[in-house]
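Enquirer: This is entry.txt, which holds compact mmCIF, C-alpha atoms:
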```
# COMPACT_ATOMS: atom_id res chain seq x y z
CA MET A 7 -61.45 -32.26 15.86
CA SER A 8 -62.35 -29.49 13.44
CA ARG A 9 -58.81 -28.12 13.67
CA LEU A 10 -57.37 -31.56 12.99
CA ARG A 11 -59.65 -32.02 9.97
CA ASN A 12 -58.62 -28.60 8.64
CA PHE A 13 -54.97 -29.46 9.10
CA LEU A 14 -55.34 -32.77 7.30
CA ARG A 15 -57.21 -31.06 4.49
CA VAL A 16 -54.37 -28.56 4.05
CA VAL A 17 -51.78 -31.33 4.05
CA GLU A 18 -53.72 -33.23 1.39
CA GLU A 19 -53.82 -30.12 -0.77
CA ILE A 20 -50.03 -29.72 -0.80
CA PRO A 21 -48.90 -30.75 -4.30
CA LYS A 22 -46.85 -33.91 -4.35
CA THR A 23 -44.28 -32.13 -6.50
CA VAL A 24 -43.66 -29.64 -3.69
CA ILE A 25 -43.08 -32.44 -1.23
CA ALA A 26 -40.79 -34.18 -3.70
CA ASP A 27 -38.82 -30.96 -4.25
CA GLN A 28 -38.42 -30.47 -0.52
CA ARG A 29 -37.23 -34.03 -0.06
CA GLY A 30 -34.81 -33.60 -2.96
CA ARG A 31 -33.43 -30.40 -1.45
CA VAL A 32 -32.93 -32.10 1.90
CA ARG A 33 -31.11 -35.00 0.23
CA ARG A 34 -28.87 -32.61 -1.73
CA GLU A 35 -28.02 -30.62 1.37
CA ARG A 36 -27.24 -33.80 3.26
CA ALA A 37 -25.04 -35.06 0.42
CA GLU A 38 -23.19 -31.73 0.22
CA GLY A 39 -22.62 -31.79 3.96
CA GLU A 40 -21.32 -35.35 3.85
CA ARG A 41 -19.02 -34.49 0.93
CA ALA A 42 -17.60 -31.45 2.75
CA ALA A 43 -17.07 -33.50 5.91
CA ALA A 44 -15.30 -36.28 3.99
CA ILE A 45 -12.99 -33.84 2.21
CA GLU A 46 -12.23 -32.14 5.53
CA ARG A 47 -11.30 -35.47 7.15
CA ILE A 48 -9.07 -36.38 4.23
CA THR A 49 -7.22 -33.06 4.03
CA VAL A 50 -6.75 -32.86 7.80
CA ALA A 51 -5.36 -36.40 7.79
CA ALA A 52 -3.03 -35.62 4.89
CA ARG A 53 -1.64 -32.54 6.63
CA ALA A 54 -1.09 -34.53 9.82
CA LEU A 55 0.82 -37.18 7.89
CA LEU A 56 2.97 -34.55 6.17
CA GLY A 57 3.87 -33.22 9.59
CA GLU A 58 5.61 -36.51 10.38
CA HIS A 59 6.47 -38.07 7.02
CA SER A 60 7.79 -37.13 3.61
CA VAL A 61 5.36 -36.32 0.85
CA PHE A 62 6.75 -39.35 -0.98
CA GLU A 63 5.23 -41.56 1.71
CA LEU A 64 1.78 -40.12 1.15
CA SER A 65 -0.64 -42.59 -0.43
CA ALA A 66 -4.35 -43.26 -0.60
CA ALA A 67 -3.85 -46.11 1.84
CA THR A 68 -2.01 -44.06 4.48
CA VAL A 69 -4.42 -41.15 4.15
CA ALA A 70 -7.45 -43.43 4.34
CA SER A 71 -6.10 -45.12 7.47
CA SER A 72 -5.40 -41.79 9.15
CA ALA A 73 -8.78 -40.36 8.12
CA GLU A 74 -10.57 -43.56 9.22
CA THR A 75 -12.14 -44.03 5.82
CA THR A 76 -11.55 -46.20 2.77
CA ARG A 77 -9.08 -45.87 -0.08
CA GLN A 78 -12.03 -45.74 -2.47
CA THR A 79 -13.39 -42.69 -0.64
CA VAL A 80 -10.02 -40.96 -0.91
CA HIS A 81 -9.85 -41.79 -4.64
CA ASN A 82 -13.40 -40.54 -5.17
CA TYR A 83 -12.43 -37.05 -4.04
CA PHE A 84 -8.73 -37.06 -4.96
CA PRO A 85 -7.94 -39.45 -7.84
CA SER A 86 -4.22 -38.84 -7.32
CA MET A 87 -1.96 -37.65 -4.52
CA HIS A 88 -0.99 -34.71 -6.71
CA GLU A 89 -4.58 -33.50 -6.62
CA LEU A 90 -4.65 -33.88 -2.86
CA ILE A 91 -1.46 -31.83 -2.55
CA PHE A 92 -2.93 -29.22 -4.89
CA ALA A 93 -6.02 -29.00 -2.69
CA LEU A 94 -3.83 -28.47 0.36
CA ALA A 95 -1.86 -25.83 -1.54
CA ASP A 96 -5.06 -24.02 -2.50
CA ASP A 97 -6.24 -24.07 1.11
CA LEU A 98 -2.90 -22.67 2.24
CA THR A 99 -2.95 -19.98 -0.42
CA VAL A 100 -6.41 -18.84 0.64
CA ALA A 101 -5.17 -18.70 4.23
CA PHE A 102 -2.24 -16.54 3.14
CA GLN A 103 -4.38 -14.18 1.10
CA THR A 104 -7.09 -13.75 3.73
CA ALA A 105 -4.68 -13.43 6.64
CA GLY A 106 -4.98 -9.66 6.65
CA ALA A 107 -8.68 -9.38 5.88
CA ASP A 108 -9.42 -7.67 9.18
CA LEU A 109 -6.54 -5.19 8.98
CA ASP A 110 -7.19 -1.50 8.49
CA VAL A 111 -6.06 -0.69 4.95
CA ASP A 112 -5.81 3.00 5.90
CA ASP A 113 -3.07 2.18 8.38
CA PRO A 114 0.32 3.10 6.81
CA ARG A 115 1.72 -0.05 8.41
CA TRP A 116 -0.81 -2.22 6.57
CA PRO A 117 1.66 -3.93 4.17
CA TYR A 118 4.00 -4.77 7.03
CA LEU A 119 1.23 -6.06 9.28
CA TYR A 120 -0.07 -8.15 6.40
CA ALA A 121 3.42 -9.58 5.83
CA GLU A 122 3.58 -10.55 9.49
CA ARG A 123 0.22 -12.33 9.22
CA VAL A 124 1.45 -14.30 6.19
CA ALA A 125 4.51 -15.38 8.15
CA ASP A 126 2.29 -16.44 11.06
CA VAL A 127 0.25 -18.67 8.74
CA ALA A 128 3.33 -20.29 7.21
CA LEU A 129 5.02 -20.90 10.56
CA ALA A 130 1.91 -22.15 12.35
CA ASP A 131 2.50 -25.59 10.82
CA PRO A 132 5.82 -25.28 8.99
CA VAL A 133 6.69 -28.89 8.13
CA PRO A 134 3.59 -29.71 6.03
CA ASN A 135 3.42 -26.14 4.73
CA ARG A 136 6.95 -26.35 3.33
CA GLN A 137 6.21 -29.65 1.61
CA VAL A 138 2.89 -28.52 0.19
CA LEU A 139 4.35 -25.29 -1.22
CA LEU A 140 7.42 -26.95 -2.67
CA VAL A 141 5.68 -29.91 -4.30
CA SER A 142 2.85 -27.81 -5.74
CA ALA A 143 5.37 -25.38 -7.22
CA SER A 144 7.52 -28.15 -8.68
CA GLN A 145 4.44 -29.63 -10.33
CA GLY A 146 3.60 -26.33 -12.00
CA ARG A 147 0.73 -25.52 -9.68
CA GLY A 148 2.37 -22.67 -7.84
CA MET A 149 -0.14 -20.58 -5.92
CA ALA A 150 -1.97 -19.16 -8.92
CA ALA A 151 -4.99 -21.44 -8.84
CA ALA A 152 -6.42 -19.98 -5.66
CA THR A 153 -5.22 -16.39 -5.96
CA ALA A 154 -7.29 -15.07 -8.85
CA GLU A 155 -10.44 -14.44 -6.84
CA THR A 156 -8.55 -13.25 -3.78
CA ASN A 157 -6.53 -10.89 -5.96
CA GLN A 158 -9.78 -9.19 -6.90
CA GLN A 159 -10.55 -8.80 -3.19
CA ILE A 160 -7.20 -7.14 -2.47
CA ILE A 161 -7.45 -4.59 -5.28
CA PRO A 162 -10.41 -2.65 -3.76
CA ALA A 163 -8.55 -2.47 -0.45
CA LEU A 164 -5.53 -0.97 -2.16
CA GLN A 165 -7.71 1.41 -4.14
CA ARG A 166 -9.19 2.80 -0.93
CA ARG A 167 -5.71 3.84 0.15
CA ASN A 168 -4.54 5.05 -3.24
CA PRO A 169 -6.29 4.40 -6.55
CA VAL A 170 -3.04 4.53 -8.51
CA ALA A 171 -2.13 1.18 -10.02
CA ALA A 172 -3.94 -0.84 -7.35
CA ASP A 173 -4.11 -3.84 -9.67
CA LYS A 174 -0.37 -3.71 -10.31
CA ALA A 175 0.33 -3.32 -6.60
CA SER A 176 -1.83 -6.32 -5.82
CA TRP A 177 -0.01 -8.35 -8.44
CA LEU A 178 3.34 -7.21 -7.08
CA THR A 179 2.42 -8.14 -3.52
CA LEU A 180 1.23 -11.62 -4.45
CA THR A 181 4.18 -12.27 -6.75
CA LEU A 182 6.86 -11.18 -4.29
CA PHE A 183 5.23 -12.96 -1.36
CA ARG A 184 5.06 -16.14 -3.41
CA GLY A 185 8.75 -15.88 -4.25
CA VAL A 186 9.72 -15.51 -0.61
CA LEU A 187 7.42 -18.34 0.49
CA PHE A 188 8.78 -20.75 -2.12
CA THR A 189 12.35 -19.88 -1.13
CA TRP A 190 11.46 -20.62 2.49
CA ALA A 191 9.77 -23.87 1.44
CA ALA A 192 13.02 -24.98 -0.21
CA GLU A 193 14.65 -24.46 3.21
CA GLN A 194 16.84 -21.65 1.91
CA LEU A 195 15.43 -19.30 4.55
CA SER A 196 15.16 -19.76 8.28
CA ASP A 197 11.91 -18.87 10.01
CA GLU A 198 13.34 -15.54 11.13
CA GLU A 199 14.66 -14.85 7.62
CA LEU A 200 11.19 -15.55 6.28
CA ARG A 201 9.72 -12.83 8.48
CA ARG A 202 12.45 -10.37 7.50
CA SER A 203 12.10 -11.13 3.80
CA LEU A 204 8.32 -10.69 3.85
CA HIS A 205 8.82 -7.39 5.68
CA ASP A 206 11.25 -6.33 2.94
CA VAL A 207 8.66 -7.27 0.31
CA ALA A 208 6.13 -5.03 2.03
CA GLY A 209 8.64 -2.17 1.82
CA VAL A 210 9.16 -2.80 -1.90
CA VAL A 211 5.41 -2.66 -2.53
CA VAL A 212 5.06 0.61 -0.59
CA ALA A 213 7.99 2.18 -2.44
CA GLN A 214 6.78 1.01 -5.84
CA ARG A 215 3.27 2.31 -5.27
CA ARG A 216 4.70 5.66 -4.21
CA LEU A 217 6.68 5.77 -7.45
CA TRP A 218 3.60 4.92 -9.52
CA SER A 219 1.67 7.61 -7.68
CA GLU A 220 4.32 10.26 -8.31
CA GLU A 221 4.53 9.31 -11.98
CA SER A 222 0.79 9.81 -12.32
CA GLY A 223 0.83 13.10 -10.43
CA GLY A 224 -1.17 11.58 -7.56
CA GLY A 225 1.22 12.52 -4.80
CA GLU A 226 2.62 10.25 -2.14
CA GLU A 227 0.74 7.33 -0.67
CA ARG A 228 -0.39 7.72 2.89
```
Using structure tokens, write down the structure that the file contains.
Expert:
Amino acid sequence: MSRLRNFLRVVEEIPKTVIADQRGRVRRERAEGERAAAIERITVAARALLGEHSVFELSAATVASSAETTRQTVHNYFPSMHELIFALADDLTVAFQTAGADLDVDDPRWPYLYAERVADVALADPVPNRQVLLVSASQGRGMAAATAETNQQIIPALQRRNPVAADKASWLTLTLFRGVLFTWAAEQLSDEELRRSLHDVAGVVVAQRRLWSEESGGGEER
């Protein structure tokens, strides 16, 4: 009984504000989890629809039905279908830019291996990926919105191999990859041509960095 009384005494001494803060934190965490889950359901449903239908058939009603939610919920997170497409484009861009995160940047084949990973991401689900890339580009979104932070992650990796113009090399890689991916999205490249073109881009980046290195007196890149 003495232990129980001591426990109750301690509980009574806990400030009500602390309890309120804890309850508030729990509610916020729950709300954030529910929001993330809802967005995940909506984006997954939208991608599935784009795998079978044109982007012009995408609507809050069709997405809501596929996601087993309401049109109001879809509108709450994505007021327009353009914003939903942009979100899918950002997700795809992040997947492209992180595809080679586990590759060894000291490997001379790194740019080519990275190019192959990018192709793998694009071709894993090509029908919705083509539509997402093409529509986002035509609406002025491109892939820039999600690349800024990732670009800063690529620069240190390039600097470890060769500090010469790592920022320019990163920019060159992202720019050329984007050009190839958008060309593929417009169905002007076959899947095999996509892989070859990304491989060619990797070669351009390697050659350009070697030139920058020689111009600065840094010698050839490994």
Enquirer: Pick out the closest residue to Ala125 of chain A from this set: A:Glu40, A:Glu35, A:Glu46, A:Asp197. Count all atoms listed in the file.
Expert: A:Asp197
Enquirer: Could you please determine the separation between atom CA of Ala107 of chain A and atom CA of Val211 of chain A in Å, to one decimal place?
Expert: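 Value for the atom CA of Ala107 of chain A-atom CA of Val211 of chain A distance: 17.7 Å.
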Enquirer: Please list as a ChimeraX atom specification every residue within 10 Å of segment 47-59 of chain A, counting all atoms listed in the file and excluding residues in the same chain fewer than 6 positions away.
Expert: /A:41,65-66,68-75,79-80,83-84,87,90-91,93-94,97,131-138
Enquirer: Restricted to C-alpha atoms, what would the selected residues look like written as a PDB file, in the frame of the given file?
Expert:
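Contents of selection16.pdb, as written:
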```
ATOM      1  CA  ARG A  41     -19.020 -34.490   0.930  1.00  0.00           C
ATOM      2  CA  SER A  65      -0.640 -42.590  -0.430  1.00  0.00           C
ATOM      3  CA  ALA A  66      -4.350 -43.260  -0.600  1.00  0.00           C
ATOM      4  CA  THR A  68      -2.010 -44.060   4.480  1.00  0.00           C
ATOM      5  CA  VAL A  69      -4.420 -41.150   4.150  1.00  0.00           C
ATOM      6  CA  ALA A  70      -7.450 -43.430   4.340  1.00  0.00           C
ATOM      7  CA  SER A  71      -6.100 -45.120   7.470  1.00  0.00           C
ATOM      8  CA  SER A  72      -5.400 -41.790   9.150  1.00  0.00           C
ATOM      9  CA  ALA A  73      -8.780 -40.360   8.120  1.00  0.00           C
ATOM     10  CA  GLU A  74     -10.570 -43.560   9.220  1.00  0.00           C
ATOM     11  CA  THR A  75     -12.140 -44.030   5.820  1.00  0.00           C
ATOM     12  CA  THR A  79     -13.390 -42.690  -0.640  1.00  0.00           C
ATOM     13  CA  VAL A  80     -10.020 -40.960  -0.910  1.00  0.00           C
ATOM     14  CA  TYR A  83     -12.430 -37.050  -4.040  1.00  0.00           C
ATOM     15  CA  PHE A  84      -8.730 -37.060  -4.960  1.00  0.00           C
ATOM     16  CA  MET A  87      -1.960 -37.650  -4.520  1.00  0.00           C
ATOM     17  CA  LEU A  90      -4.650 -33.880  -2.860  1.00  0.00           C
ATOM     18  CA  ILE A  91      -1.460 -31.830  -2.550  1.00  0.00           C
ATOM     19  CA  ALA A  93      -6.020 -29.000  -2.690  1.00  0.00           C
ATOM     20  CA  LEU A  94      -3.830 -28.470   0.360  1.00  0.00           C
ATOM     21  CA  ASP A  97      -6.240 -24.070   1.110  1.00  0.00           C
ATOM     22  CA  ASP A 131       2.500 -25.590  10.820  1.00  0.00           C
ATOM     23  CA  PRO A 132       5.820 -25.280   8.990  1.00  0.00           C
ATOM     24  CA  VAL A 133       6.690 -28.890   8.130  1.00  0.00           C
ATOM     25  CA  PRO A 134       3.590 -29.710   6.030  1.00  0.00           C
ATOM     26  CA  ASN A 135       3.420 -26.140   4.730  1.00  0.00           C
ATOM     27  CA  ARG A 136       6.950 -26.350   3.330  1.00  0.00           C
ATOM     28  CA  GLN A 137       6.210 -29.650   1.610  1.00  0.00           C
ATOM     29  CA  VAL A 138       2.890 -28.520   0.190  1.00  0.00           C
TER      30      VAL A 138
END
```
Enquirer: So, counting all atoms listed in the file, which residue among A:Val124, A:Ala130, A:Leu64, A:Ala143 is closest to Ala95 of chain A?
Expert: A:Ala143
Enquirer: Quick one: of A:Asp206, A:Glu89, A:Glu199, A:Asp126, who's nearest to Phe102 of chain A, counting only C-alpha atoms?
Expert: A:Asp126
Enquirer: Rounded to one decimal in Å, what is the spacing between atom CA of Ser196 of chain A and atom CA of Leu182 of chain A?
Expert: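 It comes out at 17.3 Å.
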Enquirer: What is the atom CA of Val127 of chain A-atom CA of Ala105 of chain A distance in Å, reported with one decimal?
Expert: 7.5 Å
Enquirer: When distances are computed from all atoms listed in the file, which of A:Arg115, A:Ala128, A:Gly39, A:Leu109 shows the smallest separation from Leu187 of chain A?
Expert: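 Of A:Arg115, A:Ala128, A:Gly39, A:Leu109, the one nearest Leu187 of chain A, counting all atoms listed in the file, is A:Ala128.
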